[in-house]
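Visitor: Structure below; questions to follow.
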Amino acid sequence: MKLDLANLASIERAATELSAQPIDVLVNNAGVLGASKRGFTSDGFELMFGTNVLGHFALTARLMPTLLATENSRVVSLGSISHEMNEMDLADVMSDQNYGSFRAYSRSKLGVMLIAFELDRRLRAAGLSTESLVAHPGFSLDGLSAARPGITNGSRSNVLVRAALGTFAQGKDAGALPTVRAAADPVARGGEYWGPAGWRQLKGSPTVVRAKNRSRDIHSASTLWSMAETMTGVPLSF
């Protein structure tokens, strides 16, 4: 299915097609990792905020009726340990002032987490069975991933580089496990944050981990939610 999260019209078309059948789990996994120069979506939003936050918000909003009609469905949003490194600036979500690639990325991921945790609060308050969780992959690298034909091309770092990186990073196959647990583990619960259990959540077995308080700030989440509804023109309500 064609879905461009940087294009609101594409999201609407894809959501219409997806809504034709039940949805047990929606994993909001795609996104823009970085852009050295400030870019824009087809709708004129700063690229990382417009894709990572607004694109996923619009998709989730359009699929919410189908998710609610599917008993015990889940929404899993991809956060990042980078949310620990920058505060949210609600006065400059488009990075109009002093754009920096990593700062824009980390703020976009903080925005994703704010909305995801707010979504679960609202679902619980409404007494609904759909749950919203957040997961992150830690520090996951292609070079440490297991080879998979058609997905990884077998290009490997040399032994010394792999040994050095392996002390604080893991493959993307291991990095996917927190998402799998959040999506499918029967013990997982709405509002949880899943990530690697190791030092600073960089690598390790998937478990429930702690997110910075800023990602659970109710005031910031409510404000950002309202902004996302206005910007996308898609209300997320139930």
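Here, A, B, ... name the chains of the structure tokens in the order displayed, residue numbers run from 1 inside each chain, and ligands are numbered from 1 in the same displayed order.
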Show which residues sit within 8 Å of Asp43 of chain A, as a VMD selection string. Count only C-alpha atoms, and ignore same-chain residues fewer than 5 positions away.
Guide: chain A and resid 6 to 8
Visitor: Output N, CA and C atoms of each residue in that selection to a file, as a short mmCIF file (atom, residue, chain, number, x, y, z; two decimals), in the first residue's frame.
Guide:
```cif
data_model
loop_
_atom_site.label_atom_id
_atom_site.label_comp_id
_atom_site.auth_asym_id
_atom_site.auth_seq_id
_atom_site.Cartn_x
_atom_site.Cartn_y
_atom_site.Cartn_z
N ALA A 6 4.46 12.17 4.88
CA ALA A 6 4.74 13.59 4.69
C ALA A 6 3.72 14.23 3.74
N ASN A 7 2.59 13.54 3.55
CA ASN A 7 1.56 14.02 2.64
C ASN A 7 0.19 13.68 3.23
N LEU A 8 -0.55 14.68 3.68
CA LEU A 8 -1.83 14.43 4.36
C LEU A 8 -2.86 13.78 3.44
#
```
Visitor: Kindly indicate which residue among A:Asn29, A:Ser220, A:Thr167, A:Thr60 lies nearest to Glu12 of chain A, using only C-alpha atoms for the distances.
Guide: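 For Glu12 of chain A, the nearest of the candidates is A:Thr60.
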Visitor: Taking only C-alpha atoms into account, which of A:Gly55, A:Gly198, A:Gly171, A:Pro137 comes nearest Ser42 of chain A?
Guide: A:Gly55
Visitor: With the cut-off set at 8 Å and counting only C-alpha atoms, tabulate each residue of segment 14-115 of chain A with an atom at most that distance from an atom of segment 201-214 of chain A, showing the nearest atom pair and its distance in Å to one decimal, ordered by chain and increasing number, as JSON lines.
Guide:
```
{"residue": "A:Ile81", "atom": "CA", "partner": "A:Gln201", "partner_atom": "CA", "distance": 7.5}
{"residue": "A:His83", "atom": "CA", "partner": "A:Lys212", "partner_atom": "CA", "distance": 7.6}
{"residue": "A:Glu84", "atom": "CA", "partner": "A:Lys212", "partner_atom": "CA", "distance": 6.2}
{"residue": "A:Glu87", "atom": "CA", "partner": "A:Arg214", "partner_atom": "CA", "distance": 7.4}
```
Visitor: A:Leu3, A:Ala164, A:Ala15, A:Ala58: which is nearest Thr230 of chain A, counting only C-alpha atoms?
Guide: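 The closest residue to Thr230 of chain A is A:Ala58.
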Visitor: As number ranges by chain, which residues of segment 11-222 of chain A does DSSP assign to strand (DSSP E or B)?
Guide: A: 25-28, 40, 46, 74-78, 131-135, 140-141, 170-171, 193-196, 206-208
Visitor: Could you write those residues out with N, CA, C and O atoms, as a compact mmCIF listing (two decimals), in the first residue's frame?
Guide:
```
# COMPACT_ATOMS: atom_id res chain seq x y z
N VAL A 25 -3.28 -3.94 15.70
CA VAL A 25 -2.17 -3.10 16.17
C VAL A 25 -1.77 -2.13 15.06
O VAL A 25 -1.59 -2.53 13.90
N LEU A 26 -1.63 -0.87 15.43
CA LEU A 26 -1.05 0.14 14.55
C LEU A 26 0.31 0.51 15.12
O LEU A 26 0.40 0.99 16.26
N VAL A 27 1.38 0.24 14.38
CA VAL A 27 2.73 0.60 14.81
C VAL A 27 3.18 1.83 14.02
O VAL A 27 3.40 1.74 12.81
N ASN A 28 3.29 2.94 14.70
CA ASN A 28 3.75 4.18 14.07
C ASN A 28 5.27 4.20 14.09
O ASN A 28 5.91 4.80 14.96
N PHE A 40 10.80 20.40 4.07
CA PHE A 40 9.37 20.59 4.30
C PHE A 40 8.58 19.43 3.69
O PHE A 40 8.98 18.84 2.69
N GLU A 46 7.61 21.67 8.59
CA GLU A 46 9.01 21.25 8.74
C GLU A 46 9.05 19.73 8.67
O GLU A 46 8.24 19.05 9.27
N ARG A 74 -4.21 -2.00 19.85
CA ARG A 74 -3.11 -1.20 20.40
C ARG A 74 -2.56 -0.24 19.35
O ARG A 74 -2.53 -0.56 18.17
N VAL A 75 -2.10 0.90 19.84
CA VAL A 75 -1.30 1.83 19.04
C VAL A 75 0.07 1.88 19.68
O VAL A 75 0.19 2.18 20.88
N VAL A 76 1.11 1.56 18.93
CA VAL A 76 2.48 1.61 19.43
C VAL A 76 3.23 2.68 18.66
O VAL A 76 3.36 2.60 17.44
N SER A 77 3.70 3.69 19.38
CA SER A 77 4.44 4.79 18.76
C SER A 77 5.91 4.66 19.08
O SER A 77 6.29 4.27 20.19
N LEU A 78 6.74 5.01 18.11
CA LEU A 78 8.19 4.88 18.28
C LEU A 78 8.78 6.16 18.86
O LEU A 78 8.80 7.19 18.19
N GLU A 131 -5.45 0.58 23.58
CA GLU A 131 -4.36 1.10 24.41
C GLU A 131 -3.29 1.74 23.54
O GLU A 131 -3.11 1.38 22.39
N SER A 132 -2.59 2.70 24.13
CA SER A 132 -1.49 3.38 23.44
C SER A 132 -0.21 3.18 24.24
O SER A 132 -0.15 3.48 25.44
N LEU A 133 0.83 2.65 23.57
CA LEU A 133 2.12 2.41 24.21
C LEU A 133 3.22 3.08 23.39
O LEU A 133 3.03 3.43 22.23
N VAL A 134 4.40 3.21 24.01
CA VAL A 134 5.56 3.78 23.33
C VAL A 134 6.71 2.78 23.45
O VAL A 134 6.86 2.11 24.47
N ALA A 135 7.51 2.66 22.40
CA ALA A 135 8.69 1.80 22.42
C ALA A 135 9.85 2.54 21.77
O ALA A 135 9.64 3.47 20.99
N SER A 140 20.64 1.30 17.90
CA SER A 140 20.60 0.13 17.02
C SER A 140 21.23 0.46 15.67
O SER A 140 20.88 1.47 15.06
N LEU A 141 22.11 -0.40 15.21
CA LEU A 141 22.89 -0.12 14.00
C LEU A 141 22.78 -1.26 12.99
O LEU A 141 22.71 -2.43 13.34
N GLN A 170 23.54 -2.23 19.60
CA GLN A 170 23.04 -3.53 19.20
C GLN A 170 22.53 -3.46 17.78
O GLN A 170 22.41 -2.39 17.19
N GLY A 171 22.23 -4.62 17.21
CA GLY A 171 21.70 -4.66 15.86
C GLY A 171 20.26 -4.18 15.81
O GLY A 171 19.55 -4.14 16.83
N TYR A 193 6.30 2.37 28.49
CA TYR A 193 7.40 2.76 27.61
C TYR A 193 8.38 1.59 27.58
O TYR A 193 9.00 1.27 28.59
N TRP A 194 8.50 0.95 26.43
CA TRP A 194 9.34 -0.24 26.29
C TRP A 194 10.66 0.11 25.61
O TRP A 194 10.69 0.85 24.63
N GLY A 195 11.75 -0.43 26.14
CA GLY A 195 13.06 -0.20 25.55
C GLY A 195 14.06 -1.21 26.07
O GLY A 195 13.72 -2.09 26.88
N PRO A 196 15.32 -1.11 25.66
CA PRO A 196 16.35 -2.03 26.13
C PRO A 196 16.63 -1.86 27.62
O PRO A 196 16.60 -0.74 28.14
N PRO A 206 14.37 -6.39 25.92
CA PRO A 206 13.28 -5.43 25.99
C PRO A 206 12.53 -5.52 27.31
O PRO A 206 12.23 -6.62 27.80
N THR A 207 12.23 -4.36 27.89
CA THR A 207 11.50 -4.30 29.15
C THR A 207 10.83 -2.95 29.26
O THR A 207 11.04 -2.07 28.42
N VAL A 208 10.02 -2.76 30.29
CA VAL A 208 9.43 -1.45 30.54
C VAL A 208 10.51 -0.56 31.16
O VAL A 208 11.15 -0.94 32.15
```
Visitor: Do a neighbour search on Thr66 of chain A at 7 Å with only C-alpha atoms, toss out local chain neighbours closer than 5 positions, and write the hits as an mmCIF file with N, CA and C atoms, in the first residue's frame.
Guide:
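Contents of result.cif, as written:
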```cif
data_model
loop_
_atom_site.group_PDB
_atom_site.id
_atom_site.type_symbol
_atom_site.label_atom_id
_atom_site.label_comp_id
_atom_site.auth_asym_id
_atom_site.auth_seq_id
_atom_site.Cartn_x
_atom_site.Cartn_y
_atom_site.Cartn_z
ATOM 1 N N SER A 19 -9.045 0.985 6.616
ATOM 2 C CA SER A 19 -10.225 0.901 7.475
ATOM 3 C C SER A 19 -11.230 -0.147 7.026
ATOM 4 N N PRO A 22 -10.538 -5.038 10.232
ATOM 5 C CA PRO A 22 -10.119 -4.755 11.615
ATOM 6 C C PRO A 22 -8.620 -4.502 11.708
ATOM 7 N N ILE A 23 -8.237 -3.701 12.681
ATOM 8 C CA ILE A 23 -6.820 -3.424 12.933
ATOM 9 C C ILE A 23 -6.527 -3.756 14.388
#
```
Visitor: As a list of chain:residue names, please: every residue in segment 67-123 of chain A that DSSP puts in alpha helix (DSSP H).
Guide: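 Filtering segment 67-123 of chain A down to alpha helix (DSSP H) leaves A:Leu67, A:Leu68, A:Ala69, A:Ser101, A:Phe102, A:Arg103, A:Ala104, A:Tyr105, A:Ser106, A:Arg107, A:Ser108, A:Lys109, A:Leu110, A:Gly111, A:Val112, A:Met113, A:Leu114, A:Ile115, A:Ala116, A:Phe117, A:Glu118, A:Leu119, A:Asp120, A:Arg121, A:Arg122, A:Leu123.
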Visitor: Which of these, A:Gly44, A:Gly79, A:Gly143, A:Gly111, has the shortest distance to Ala163 of chain A once you count only C-alpha atoms?
Guide: A:Gly143
Visitor: Identify, on the basis of only C-alpha atoms, every residue whose closest approach to Ser215 of chain A does not exceed 7 Å; exclude the query and any residue fewer than 5 positions from it along the same chain; express the result as a PyMOL selection string.
Guide: chain A and resi 110+113-114
Visitor: Would you mind exporting N, CA, C and O atoms of the selected residues as an mmCIF file, in the first residue's frame?
Guide:
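Below is the file out_30.cif, written as the result:
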```cif
data_model
loop_
_atom_site.group_PDB
_atom_site.id
_atom_site.type_symbol
_atom_site.label_atom_id
_atom_site.label_comp_id
_atom_site.auth_asym_id
_atom_site.auth_seq_id
_atom_site.Cartn_x
_atom_site.Cartn_y
_atom_site.Cartn_z
ATOM 1 N N LEU A 110 10.113 13.639 21.001
ATOM 2 C CA LEU A 110 9.451 14.023 22.246
ATOM 3 C C LEU A 110 7.980 14.319 21.974
ATOM 4 O O LEU A 110 7.103 13.929 22.747
ATOM 5 N N MET A 113 6.036 11.124 21.699
ATOM 6 C CA MET A 113 5.805 10.512 22.998
ATOM 7 C C MET A 113 4.749 11.263 23.793
ATOM 8 O O MET A 113 3.896 10.654 24.458
ATOM 9 N N LEU A 114 4.774 12.575 23.743
ATOM 10 C CA LEU A 114 3.755 13.373 24.433
ATOM 11 C C LEU A 114 2.359 12.989 23.960
ATOM 12 O O LEU A 114 1.442 12.765 24.766
#
```
Visitor: Can you tell me, as an NGL selection string, what residues are no more than 10 Å from Leu90 of chain A when counting only C-alpha atoms, ignoring any on the same chain fewer than 2 positions away?
Guide: :A and (87-88 or 92-95 or 107 or 111 or 220-221 or 223-224 or 227)
Visitor: Please, could you write that set of residues out with N, CA and C atoms as a tab-separated table (two decimals), in the first residue's frame?
Guide:
```tsv
chain	number	residue	atom	x	y	z
A	87	GLU	N	14.31	19.97	25.31
A	87	GLU	CA	12.96	20.30	25.75
A	87	GLU	C	12.09	20.61	24.54
A	88	MET	N	10.78	20.42	24.71
A	88	MET	CA	9.83	20.79	23.66
A	88	MET	C	9.67	22.30	23.64
A	92	ASP	N	7.83	27.05	18.79
A	92	ASP	CA	8.62	26.93	17.57
A	92	ASP	C	8.69	25.47	17.12
A	93	VAL	N	7.53	24.83	16.97
A	93	VAL	CA	7.52	23.42	16.58
A	93	VAL	C	8.03	23.22	15.16
A	94	MET	N	8.02	24.25	14.34
A	94	MET	CA	8.49	24.16	12.96
A	94	MET	C	9.98	24.49	12.83
A	95	SER	N	10.63	24.74	13.96
A	95	SER	CA	12.07	25.07	13.95
A	95	SER	C	12.37	26.24	13.03
A	107	ARG	N	13.21	16.75	19.28
A	107	ARG	CA	11.94	17.39	19.65
A	107	ARG	C	10.76	16.69	18.97
A	111	GLY	N	7.71	14.97	20.84
A	111	GLY	CA	6.32	15.24	20.46
A	111	GLY	C	5.54	13.97	20.25
A	220	SER	N	1.76	20.22	28.24
A	220	SER	CA	2.41	20.24	26.93
A	220	SER	C	1.71	19.30	25.96
A	221	ALA	N	1.31	18.12	26.45
A	221	ALA	CA	0.64	17.15	25.59
A	221	ALA	C	-0.69	17.67	25.08
A	223	THR	N	-1.64	20.80	24.77
A	223	THR	CA	-1.41	21.90	23.82
A	223	THR	C	-0.97	21.37	22.47
A	224	LEU	N	-0.03	20.41	22.48
A	224	LEU	CA	0.47	19.85	21.23
A	224	LEU	C	-0.64	19.09	20.50
A	227	MET	N	-2.76	21.60	18.74
A	227	MET	CA	-2.01	22.12	17.60
A	227	MET	C	-2.03	21.14	16.44
```
Visitor: As a PyMOL selection string, please: the residues near Val234 of chain A (cut-off 9 Å, only C-alpha atoms, same-chain neighbours under 3 positions excluded).
Guide: chain A and resi 57-58+61-62+228-231
Visitor: To one decimal in Å, tell me the separation between atom CA of Ala182 of chain A and atom CA of Asn52 of chain A.
Guide: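 Going from atom CA of Ala182 of chain A over to atom CA of Asn52 of chain A covers 18.9 Å.
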